[in-house]
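Notes follow the structure.
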Protein chains: 2
Amino acid sequence: MNEIKIFSPATVANVSCGFDVLGFCLDSVGDDMVIRKIEKKGIYISKIEGFDLPYETELNVAGVSALAMYNSLDLDFGFEIEIYKKIKPGSGIGSSAASAVGSVFGMNELLGRPYNKTQLTEFAIKGEALASKCEHADNLAPALFGGFTLVKSLKPLEILQIPSPDDLFATIIHPQIEIKTSESRAVLPNQVALSDAITQWSNLGSLVHALHTSDYNLIKNSLHDVIIEPHRSKLIPHYEEVKKVVLKAGALGAGISGSGPSIFSLCKGIEMAKNVEDAMRNVYAKTGIEFDIHVSKINIEGIKIK
Amino acid sequence: MNEIKIFSPATVANVSCGFDVLGFCLDSVGDDMVIRKIEKKGIYISKIEGFDLPYETELNVAGVSALAMYNSLDLDFGFEIEIYKKIKPGSGIGSSAASAVGSVFGMNELLGRPYNKTQLTEFAIKGEALASKCEHADNLAPALFGGFTLVKSLKPLEILQIPSPDDLFATIIHPQIEIKTSESRAVLPNQVALSDAITQWSNLGSLVHALHTSDYNLIKNSLHDVIIEPHRSKLIPHYEEVKKVVLKAGALGAGISGSGPSIFSLCKGIEMAKNVEDAMRNVYAKTGIEFDIHVSKINIEGIKIK
């Protein structure tokens, strides 16, 4: 096998109470990528469609992660990467993570899987760092492993796969505004009230238990964020209104996807997820702000060969 | 049935990363209590052995919780309570919680179980509040439900039962010193670093996952407390030394039991738990401070009829 076509999924990080550690994987939105073995040594980006991204390997997220992996091996051939980008950069649903994992996953498959998924995450972190200016794995882990993941620690990298109930769907709205990473970081407090921290970890512990026991009601009661949302939600137009109508439409919960501007909700069943889609559309249709909406089953498989 | 004899177990609250929400139940240490139906209306403490506690119903933890339950019913008879106290008050392993749950559990059994365990916890909270000057359930919940419990919220009261691996044991040392509740509260910060809070909730989420998957190695990697332990451990003599030798002896982790002064450890298997007992004894034997040590399997049943 000299060429592989893969689907690299979008992901939702943070998930309300799980700031900086939790994430889940989507099914209906993701990039396509082709990875090809070539005679010439090195990593080359040969095609980019969908969005205007750099072709220089060292400036391209998929290129940087691929290089990190390539340099760990001693190969007498190289790889060519084609990127068919469908996840909008800056949308808050793991666009850079999809690129970062796509190249290393594809290369690993072509090489006969010398590395496990945790090792692939290590390489992908290098690519992700190019985009987000810091090393983190909260989108990479769900993209590679699928389902819900908890990044227990970065050094050493430890990723836990949390089970996902069968009938769990996500609806995500992406308002097409730009939130600068620097701004979304600047609004976060350095210190938080101990009482709020206790509420947050109680909810995260409960959410992990709820996912293990497929307890939708407890998922609903756990999807709260008393630490980050009060600050970052101010950067997202109509956030409170969206959240209100989404919950009224029956969603288990709603929150900021990653650092925004996308807003995710979790739903039991496709019907509820579609009702939530309508509710989100109704709010944003009146605003004049362009938006996309994605409805997706939770993708328990993660990145895959097409 | 007019009389019932019960075993009301000691418990460990907080459990390192689970401050204010997590707890587990012990098997080898607990109070015996007798609850008896009597013709005279009201709640009466008729016998107390072991420690010097008040006989006045309104001043006795078991009396107060019993009264809360009794007053919710319209009965034409009363109850007499005998307390054979074995858990030392102030030891940090849920002495007051054992009293608080014992009376209501026993009455509920004699009455044909009009209340479920969550409702019993609500009554027991009233007794616990007499002892600890605030309403909390982190010892009550494991005493009543057994195993590991997570008190997701107090209002409304929501208690989750987290599974416990088969071969999990605890070893607990109780140094016989007094730490005033006011002092153990005063050392806690109102504000904590967001980065520390993230570490703590990552560990709690991981611990819940580890308990669900019987992953002893992950239990070990999750039993860390970066928020409370740095402050409260200073109030416990030789804390660091005990922790060091306990971990060296193979324990999965060690931490402050409740608000101290007891130090708990969790171990895989009875042999490791006994090695930890020896290690704890070796440290405290040199200090001149009196101490007790308890080795116990995790009690998944909780409070029970003897």
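Ligands are numbered from 1 in the order shown, chains are lettered A, B, ... in the order of the structure tokens, and residues start at 1 in each chain.
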
Show which residues sit within 8 Å of Thr57 of chain B, as a compact mmCIF listing (two decimals) with N, CA, C and O atoms, in the first residue's frame. Count only C-alpha atoms, and ignore same-chain residues fewer than 4 positions away.
```txt
# COMPACT_ATOMS: atom_id res chain seq x y z
N ILE B 43 -37.95 10.44 71.03
CA ILE B 43 -36.66 9.79 70.81
C ILE B 43 -35.84 9.91 72.09
O ILE B 43 -35.68 11.01 72.63
N TYR B 44 -35.33 8.79 72.56
CA TYR B 44 -34.58 8.78 73.82
C TYR B 44 -33.25 8.04 73.64
O TYR B 44 -33.23 6.93 73.09
N ILE B 45 -32.17 8.65 74.09
CA ILE B 45 -30.89 7.96 74.12
C ILE B 45 -30.82 7.24 75.46
O ILE B 45 -30.78 7.89 76.51
N VAL B 61 -25.85 13.67 68.29
CA VAL B 61 -25.92 13.57 66.83
C VAL B 61 -26.95 12.53 66.38
O VAL B 61 -27.79 12.80 65.51
N ALA B 62 -26.89 11.34 66.99
CA ALA B 62 -27.85 10.28 66.64
C ALA B 62 -29.27 10.70 67.01
O ALA B 62 -30.23 10.37 66.30
N GLY B 63 -29.37 11.46 68.09
CA GLY B 63 -30.68 11.94 68.53
C GLY B 63 -31.27 12.97 67.56
O GLY B 63 -32.45 12.93 67.23
N VAL B 64 -30.44 13.88 67.12
CA VAL B 64 -30.92 14.95 66.24
C VAL B 64 -31.39 14.39 64.89
O VAL B 64 -32.44 14.78 64.38
N LEU B 67 -34.61 12.53 65.47
CA LEU B 67 -35.72 13.48 65.66
C LEU B 67 -36.20 14.04 64.33
O LEU B 67 -37.41 14.20 64.11
```

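By chain and then residue number, the residues within 6 Å of segment 174-190 of chain B are A:Ala193, A:Leu194, B:His231, B:Ser262, B:Glu290, B:Phe291, B:Asp292, counting only C-alpha atoms and disregarding those fewer than 3 positions away in sequence.
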
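Using only C-alpha atoms, the protein and nucleic acid residues lying no more than 9 Å from Phe148 of chain A, apart from those fewer than 2 places from it along its own chain, are Leu22, Gly23, Phe24, Cys25, Ala141, Pro142, Phe145, Gly146, Leu150, Leu160, Gln161, Ile162, Pro163, Ser164, Leu211, Ile298, Asn299 and Ile300 of chain A.
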
Same residues, all heavy atoms, output as a short mmCIF file (atom, residue, chain, number, x, y, z; two decimals), in the first residue's frame:
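Okay, this is what ended up in result25.cif:
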```
data_model
loop_
_atom_site.label_atom_id
_atom_site.label_comp_id
_atom_site.auth_asym_id
_atom_site.auth_seq_id
_atom_site.Cartn_x
_atom_site.Cartn_y
_atom_site.Cartn_z
N LEU A 22 -11.31 17.19 28.81
CA LEU A 22 -12.30 16.32 28.18
C LEU A 22 -12.54 16.72 26.72
O LEU A 22 -12.39 17.88 26.34
CB LEU A 22 -13.62 16.42 28.95
CG LEU A 22 -14.58 15.23 28.86
CD1 LEU A 22 -13.94 13.97 29.43
CD2 LEU A 22 -15.87 15.53 29.61
N GLY A 23 -12.92 15.76 25.90
CA GLY A 23 -13.28 16.05 24.52
C GLY A 23 -14.08 14.90 23.94
O GLY A 23 -14.10 13.81 24.50
N PHE A 24 -14.79 15.17 22.83
CA PHE A 24 -15.46 14.08 22.13
C PHE A 24 -15.37 14.27 20.62
O PHE A 24 -15.07 15.36 20.14
CB PHE A 24 -16.91 13.88 22.61
CG PHE A 24 -17.86 15.00 22.35
CD1 PHE A 24 -18.43 15.19 21.09
CD2 PHE A 24 -18.23 15.88 23.37
CE1 PHE A 24 -19.34 16.21 20.85
CE2 PHE A 24 -19.13 16.92 23.15
CZ PHE A 24 -19.69 17.09 21.88
N CYS A 25 -15.63 13.20 19.91
CA CYS A 25 -15.36 13.14 18.47
C CYS A 25 -16.66 13.17 17.66
O CYS A 25 -17.64 12.54 18.04
CB CYS A 25 -14.59 11.84 18.20
SG CYS A 25 -13.98 11.70 16.52
N ALA A 141 -6.80 14.01 21.10
CA ALA A 141 -7.13 12.71 21.71
C ALA A 141 -8.48 12.17 21.20
O ALA A 141 -8.54 11.02 20.73
CB ALA A 141 -7.12 12.81 23.23
N PRO A 142 -9.56 12.97 21.22
CA PRO A 142 -10.81 12.41 20.69
C PRO A 142 -10.74 12.14 19.18
O PRO A 142 -11.37 11.19 18.70
CB PRO A 142 -11.87 13.47 21.02
CG PRO A 142 -11.13 14.71 21.34
CD PRO A 142 -9.80 14.28 21.85
N PHE A 145 -8.66 8.75 19.08
CA PHE A 145 -9.23 7.59 19.81
C PHE A 145 -10.74 7.44 19.59
O PHE A 145 -11.29 6.37 19.78
CB PHE A 145 -8.95 7.72 21.31
CG PHE A 145 -7.51 7.50 21.69
CD1 PHE A 145 -6.59 8.53 21.64
CD2 PHE A 145 -7.08 6.24 22.08
CE1 PHE A 145 -5.27 8.32 21.99
CE2 PHE A 145 -5.75 6.02 22.44
CZ PHE A 145 -4.84 7.07 22.39
N GLY A 146 -11.42 8.53 19.24
CA GLY A 146 -12.87 8.48 19.09
C GLY A 146 -13.58 8.57 20.43
O GLY A 146 -12.95 8.52 21.50
N LEU A 150 -10.41 11.63 28.04
CA LEU A 150 -9.94 12.50 29.12
C LEU A 150 -8.42 12.49 29.08
O LEU A 150 -7.80 11.43 29.21
CB LEU A 150 -10.47 11.98 30.46
CG LEU A 150 -10.41 12.92 31.66
CD1 LEU A 150 -11.47 12.53 32.70
CD2 LEU A 150 -9.05 12.96 32.32
N LEU A 160 -7.33 8.73 28.56
CA LEU A 160 -8.31 7.73 28.97
C LEU A 160 -9.49 7.75 28.01
O LEU A 160 -9.96 8.81 27.63
CB LEU A 160 -8.83 8.03 30.39
CG LEU A 160 -7.78 8.37 31.45
CD1 LEU A 160 -8.46 8.65 32.78
CD2 LEU A 160 -6.78 7.23 31.58
N GLN A 161 -9.95 6.57 27.62
CA GLN A 161 -11.13 6.47 26.77
C GLN A 161 -12.34 6.20 27.65
O GLN A 161 -12.43 5.16 28.30
CB GLN A 161 -10.96 5.33 25.77
CG GLN A 161 -9.92 5.63 24.71
CD GLN A 161 -9.90 4.54 23.65
OE1 GLN A 161 -9.15 3.58 23.77
NE2 GLN A 161 -10.72 4.68 22.63
N ILE A 162 -13.26 7.18 27.66
CA ILE A 162 -14.46 7.07 28.48
C ILE A 162 -15.58 6.54 27.58
O ILE A 162 -15.73 7.02 26.45
CB ILE A 162 -14.87 8.46 29.02
CG1 ILE A 162 -13.65 9.23 29.57
CG2 ILE A 162 -15.95 8.34 30.08
CD1 ILE A 162 -13.04 8.71 30.79
N PRO A 163 -16.36 5.57 28.04
CA PRO A 163 -17.41 5.04 27.17
C PRO A 163 -18.45 6.10 26.83
O PRO A 163 -18.63 7.08 27.55
CB PRO A 163 -18.05 3.93 28.00
CG PRO A 163 -17.37 3.89 29.29
CD PRO A 163 -16.32 4.93 29.35
N SER A 164 -19.12 5.89 25.70
CA SER A 164 -20.14 6.83 25.25
C SER A 164 -21.46 6.07 25.05
O SER A 164 -21.48 5.02 24.43
CB SER A 164 -19.67 7.44 23.93
OG SER A 164 -20.69 8.22 23.35
N LEU A 211 -21.37 8.80 31.87
CA LEU A 211 -20.99 8.21 30.59
C LEU A 211 -20.77 6.70 30.74
O LEU A 211 -21.13 5.91 29.87
CB LEU A 211 -19.74 8.89 30.03
CG LEU A 211 -19.94 10.34 29.56
CD1 LEU A 211 -18.59 11.02 29.28
CD2 LEU A 211 -20.82 10.41 28.31
N ILE A 298 -22.10 10.84 18.10
CA ILE A 298 -20.76 10.78 18.66
C ILE A 298 -20.03 9.66 17.91
O ILE A 298 -20.54 8.55 17.78
CB ILE A 298 -20.79 10.48 20.18
CG1 ILE A 298 -21.62 11.53 20.93
CG2 ILE A 298 -19.36 10.42 20.74
CD1 ILE A 298 -21.23 12.96 20.69
N ASN A 299 -18.85 10.00 17.42
CA ASN A 299 -18.06 9.07 16.61
C ASN A 299 -17.14 8.27 17.52
O ASN A 299 -16.12 8.77 17.99
CB ASN A 299 -17.26 9.91 15.61
CG ASN A 299 -16.22 9.13 14.84
OD1 ASN A 299 -16.03 7.94 15.05
ND2 ASN A 299 -15.52 9.82 13.95
N ILE A 300 -17.52 7.01 17.78
CA ILE A 300 -16.73 6.25 18.76
C ILE A 300 -15.47 5.64 18.15
O ILE A 300 -14.60 5.15 18.86
CB ILE A 300 -17.56 5.15 19.47
CG1 ILE A 300 -18.15 4.19 18.45
CG2 ILE A 300 -18.63 5.76 20.34
CD1 ILE A 300 -18.67 2.92 19.10
#
```

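You can rank A:His212, A:Lys47, A:His238, A:Lys86 by their closest distance to chain B using only C-alpha atoms, and at the top of that list sits A:His212.
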
Residues of chain A within 8 Å of chain B: nearest atom pair and distance (Å, one decimal) for each, counting only C-alpha atoms, sorted by chain and number, as a tab-separated table?
```
residue	atom	partner	partner_atom	distance
A:Gly18	CA	B:Trp201	CA	7.8
A:Phe19	CA	B:Ile198	CA	7.2
A:Asp20	CA	B:Ile198	CA	7.1
A:Val21	CA	B:Ser202	CA	6.4
A:Leu150	CA	B:Ser206	CA	7.6
A:Val151	CA	B:Ser202	CA	7.7
A:Lys152	CA	B:Ser202	CA	5.6
A:Ser153	CA	B:Ser202	CA	7.9
A:Leu160	CA	B:Ser206	CA	7.6
A:Ile162	CA	B:His209	CA	7.3
A:Pro189	CA	B:Leu194	CA	7.2
A:Asn190	CA	B:Leu194	CA	5.5
A:Gln191	CA	B:Ala193	CA	4.4
A:Val192	CA	B:Gln191	CA	5.3
A:Ala193	CA	B:Gln191	CA	4.4
A:Leu194	CA	B:Gln191	CA	5.3
A:Ser195	CA	B:Asn190	CA	7.7
A:Ala197	CA	B:Ala197	CA	6.0
A:Ile198	CA	B:Asp20	CA	7.1
A:Gln200	CA	B:Trp201	CA	7.4
A:Trp201	CA	B:Trp201	CA	4.7
A:Ser202	CA	B:Lys152	CA	5.6
A:Asn203	CA	B:Lys152	CA	6.8
A:Leu204	CA	B:Gly205	CA	6.0
A:Gly205	CA	B:Gly205	CA	4.7
A:Ser206	CA	B:Lys152	CA	6.6
A:Val208	CA	B:Gly205	CA	6.2
A:His209	CA	B:Val208	CA	6.6
A:His212	CA	B:His212	CA	7.4
```

Exercise: Asp167 of chain B partners within 7 Å, only C-alpha atoms, chain neighbours under 2 positions left out, as a list of chain:residue names: B:Pro165, B:Phe169, B:Lys268, B:Gly269

Could you please take those selected residues and save N, CA, C and O atoms as a PDB file, in the first residue's frame?
```
ATOM      1  N   PRO B 165     -13.374  -1.700  42.990  1.00  0.00           N
ATOM      2  CA  PRO B 165     -12.709  -2.955  42.602  1.00  0.00           C
ATOM      3  C   PRO B 165     -12.714  -3.962  43.762  1.00  0.00           C
ATOM      4  O   PRO B 165     -12.692  -3.564  44.933  1.00  0.00           O
ATOM      5  N   PHE B 169      -8.313  -2.353  49.513  1.00  0.00           N
ATOM      6  CA  PHE B 169      -8.270  -2.245  50.967  1.00  0.00           C
ATOM      7  C   PHE B 169      -7.798  -0.853  51.370  1.00  0.00           C
ATOM      8  O   PHE B 169      -7.148  -0.163  50.595  1.00  0.00           O
ATOM      9  N   LYS B 268      -3.922  -2.372  47.041  1.00  0.00           N
ATOM     10  CA  LYS B 268      -4.433  -3.539  46.324  1.00  0.00           C
ATOM     11  C   LYS B 268      -4.098  -4.796  47.125  1.00  0.00           C
ATOM     12  O   LYS B 268      -2.937  -5.186  47.209  1.00  0.00           O
ATOM     13  N   GLY B 269      -5.113  -5.371  47.740  1.00  0.00           N
ATOM     14  CA  GLY B 269      -4.917  -6.615  48.472  1.00  0.00           C
ATOM     15  C   GLY B 269      -4.575  -6.409  49.940  1.00  0.00           C
ATOM     16  O   GLY B 269      -3.998  -5.402  50.331  1.00  0.00           O
TER      17      GLY B 269
END
```

Can you list every residue in segment 35-213 of chain B that DSSP puts in strand (DSSP E or B), as a PyMOL selection string? chain B and resi 35-38+42-49+78-84+148-153+158-162+168-175+191-193

Hey, can you spit out that residue selection with N, CA and C atoms as a compact mmCIF listing (two decimals), in the first residue's frame?
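Writing the result to out-v5.txt gives the following:
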```
# COMPACT_ATOMS: atom_id res chain seq x y z
N ILE B 35 -31.58 0.00 68.21
CA ILE B 35 -32.74 0.88 68.11
C ILE B 35 -33.96 0.06 68.51
N ARG B 36 -34.75 0.62 69.40
CA ARG B 36 -35.87 -0.15 69.98
C ARG B 36 -37.15 0.70 69.94
N LYS B 37 -38.23 0.10 69.48
CA LYS B 37 -39.54 0.75 69.55
C LYS B 37 -40.02 0.74 70.99
N ILE B 38 -40.53 1.88 71.45
CA ILE B 38 -41.07 1.95 72.81
C ILE B 38 -42.45 2.60 72.77
N GLY B 42 -41.58 9.86 71.19
CA GLY B 42 -40.34 10.64 71.25
C GLY B 42 -39.11 9.79 70.99
N ILE B 43 -37.95 10.44 71.03
CA ILE B 43 -36.66 9.79 70.81
C ILE B 43 -35.84 9.91 72.09
N TYR B 44 -35.33 8.79 72.56
CA TYR B 44 -34.58 8.78 73.82
C TYR B 44 -33.25 8.04 73.64
N ILE B 45 -32.17 8.65 74.09
CA ILE B 45 -30.89 7.96 74.12
C ILE B 45 -30.82 7.24 75.46
N SER B 46 -30.82 5.91 75.44
CA SER B 46 -30.92 5.18 76.71
C SER B 46 -29.58 4.63 77.19
N LYS B 47 -28.60 4.57 76.30
CA LYS B 47 -27.32 4.00 76.72
C LYS B 47 -26.21 4.51 75.79
N ILE B 48 -25.09 4.90 76.38
CA ILE B 48 -23.92 5.26 75.57
C ILE B 48 -22.71 4.60 76.20
N GLU B 49 -22.02 3.81 75.44
CA GLU B 49 -20.78 3.21 75.93
C GLU B 49 -19.64 3.57 75.00
N GLY B 78 -42.59 5.63 70.23
CA GLY B 78 -41.30 6.30 70.15
C GLY B 78 -40.15 5.31 69.95
N PHE B 79 -38.92 5.81 70.08
CA PHE B 79 -37.73 4.97 69.89
C PHE B 79 -36.70 5.24 70.99
N GLU B 80 -36.01 4.20 71.34
CA GLU B 80 -34.93 4.26 72.30
C GLU B 80 -33.65 3.88 71.56
N ILE B 81 -32.57 4.60 71.81
CA ILE B 81 -31.33 4.37 71.07
C ILE B 81 -30.20 4.02 72.04
N GLU B 82 -29.55 2.91 71.78
CA GLU B 82 -28.32 2.57 72.53
C GLU B 82 -27.14 2.72 71.59
N ILE B 83 -26.10 3.38 72.08
CA ILE B 83 -24.93 3.66 71.24
C ILE B 83 -23.69 2.99 71.86
N TYR B 84 -23.10 2.07 71.13
CA TYR B 84 -21.84 1.46 71.56
C TYR B 84 -20.75 2.02 70.66
N PHE B 148 -17.76 3.37 47.28
CA PHE B 148 -17.40 4.75 47.01
C PHE B 148 -18.66 5.52 46.63
N THR B 149 -18.79 6.71 47.17
CA THR B 149 -19.92 7.56 46.79
C THR B 149 -19.42 8.94 46.39
N LEU B 150 -20.14 9.56 45.48
CA LEU B 150 -19.87 10.94 45.09
C LEU B 150 -21.13 11.75 45.38
N VAL B 151 -21.01 12.71 46.27
CA VAL B 151 -22.14 13.58 46.57
C VAL B 151 -22.15 14.68 45.51
N LYS B 152 -22.97 14.48 44.48
CA LYS B 152 -22.96 15.42 43.36
C LYS B 152 -23.50 16.76 43.76
N SER B 153 -24.54 16.77 44.55
CA SER B 153 -25.03 18.05 45.06
C SER B 153 -25.78 17.82 46.36
N GLU B 158 -28.04 14.65 45.82
CA GLU B 158 -27.86 13.68 44.73
C GLU B 158 -26.58 12.89 45.03
N ILE B 159 -26.75 11.61 45.24
CA ILE B 159 -25.62 10.76 45.63
C ILE B 159 -25.40 9.69 44.56
N LEU B 160 -24.17 9.58 44.08
CA LEU B 160 -23.84 8.58 43.06
C LEU B 160 -23.04 7.45 43.71
N GLN B 161 -23.38 6.21 43.35
CA GLN B 161 -22.60 5.07 43.84
C GLN B 161 -21.61 4.67 42.77
N ILE B 162 -20.33 4.82 43.10
CA ILE B 162 -19.26 4.51 42.16
C ILE B 162 -18.79 3.08 42.46
N LEU B 168 -9.75 -4.03 46.83
CA LEU B 168 -9.28 -2.75 47.34
C LEU B 168 -9.41 -2.69 48.87
N PHE B 169 -8.31 -2.35 49.51
CA PHE B 169 -8.27 -2.25 50.97
C PHE B 169 -7.80 -0.85 51.37
N ALA B 170 -8.13 -0.49 52.60
CA ALA B 170 -7.64 0.77 53.15
C ALA B 170 -6.90 0.51 54.45
N THR B 171 -5.84 1.26 54.65
CA THR B 171 -5.16 1.27 55.95
C THR B 171 -5.18 2.71 56.44
N ILE B 172 -5.59 2.88 57.71
CA ILE B 172 -5.78 4.23 58.24
C ILE B 172 -5.10 4.35 59.59
N ILE B 173 -4.30 5.38 59.73
CA ILE B 173 -3.72 5.65 61.04
C ILE B 173 -4.38 6.87 61.64
N HIS B 174 -4.76 6.74 62.92
CA HIS B 174 -5.35 7.86 63.63
C HIS B 174 -4.41 8.30 64.75
N PRO B 175 -3.64 9.35 64.49
CA PRO B 175 -2.79 9.90 65.55
C PRO B 175 -3.70 10.61 66.56
N GLN B 191 -9.45 31.07 47.37
CA GLN B 191 -9.18 31.07 45.94
C GLN B 191 -8.06 30.06 45.65
N VAL B 192 -8.17 29.41 44.52
CA VAL B 192 -7.12 28.46 44.12
C VAL B 192 -6.72 28.77 42.68
N ALA B 193 -5.51 28.38 42.32
CA ALA B 193 -5.05 28.61 40.95
C ALA B 193 -5.88 27.76 39.99
```

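Residue nearest Pro156 of chain B, chosen from B:Ser99, B:Ser16, B:Thr121, B:Glu229 and counting only C-alpha atoms: B:Thr121.
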
Do you know which residues are at most 7 Å from Ala124 of chain B counting only C-alpha atoms, after dropping those on the same chain fewer than 4 positions away, and could you put them as a ChimeraX atom specification? /B:65,100-101,104,120,128

Find the spatial neighbours of Glu135 of chain A, counting only C-alpha atoms, within a cut-off of 9 Å - ignore same-chain residues fewer than 4 positions away - and output them as a PyMOL selection string. chain A and resi 125-130+154

Keeping only N, CA, C and O atoms, write the selected residues to a file as an mmCIF file, in the first residue's frame.
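again-v6.cif, written as the output of this step:
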```cif
data_model
loop_
_atom_site.group_PDB
_atom_site.id
_atom_site.type_symbol
_atom_site.label_atom_id
_atom_site.label_comp_id
_atom_site.auth_asym_id
_atom_site.auth_seq_id
_atom_site.Cartn_x
_atom_site.Cartn_y
_atom_site.Cartn_z
ATOM 1 N N ILE A 125 0.825 16.594 18.738
ATOM 2 C CA ILE A 125 0.923 17.755 19.636
ATOM 3 C C ILE A 125 1.845 18.822 19.040
ATOM 4 O O ILE A 125 1.603 20.025 19.184
ATOM 5 N N LYS A 126 2.881 18.373 18.337
ATOM 6 C CA LYS A 126 3.826 19.334 17.727
ATOM 7 C C LYS A 126 3.129 20.163 16.652
ATOM 8 O O LYS A 126 3.375 21.359 16.514
ATOM 9 N N GLY A 127 2.278 19.522 15.872
ATOM 10 C CA GLY A 127 1.528 20.255 14.854
ATOM 11 C C GLY A 127 0.501 21.188 15.474
ATOM 12 O O GLY A 127 0.383 22.355 15.089
ATOM 13 N N GLU A 128 -0.230 20.659 16.456
ATOM 14 C CA GLU A 128 -1.249 21.462 17.151
ATOM 15 C C GLU A 128 -0.620 22.707 17.772
ATOM 16 O O GLU A 128 -1.224 23.790 17.764
ATOM 17 N N ALA A 129 0.592 22.556 18.295
ATOM 18 C CA ALA A 129 1.263 23.689 18.949
ATOM 19 C C ALA A 129 1.539 24.828 17.958
ATOM 20 O O ALA A 129 1.555 25.997 18.332
ATOM 21 N N LEU A 130 1.759 24.469 16.686
ATOM 22 C CA LEU A 130 1.974 25.506 15.663
ATOM 23 C C LEU A 130 0.732 26.381 15.536
ATOM 24 O O LEU A 130 0.827 27.609 15.418
ATOM 25 N N LEU A 154 -0.361 15.560 30.349
ATOM 26 C CA LEU A 154 0.386 15.781 29.103
ATOM 27 C C LEU A 154 1.798 15.228 29.212
ATOM 28 O O LEU A 154 2.351 14.741 28.236
#
```

DSSP on the backbone, then: every residue of segment 42-249 of chain B marked helix (DSSP H, G or I), written as number ranges by chain. B: 57-59, 61-71, 95-110, 117-132, 140-145, 181-186, 194-213, 216-222, 229-235, 239-248
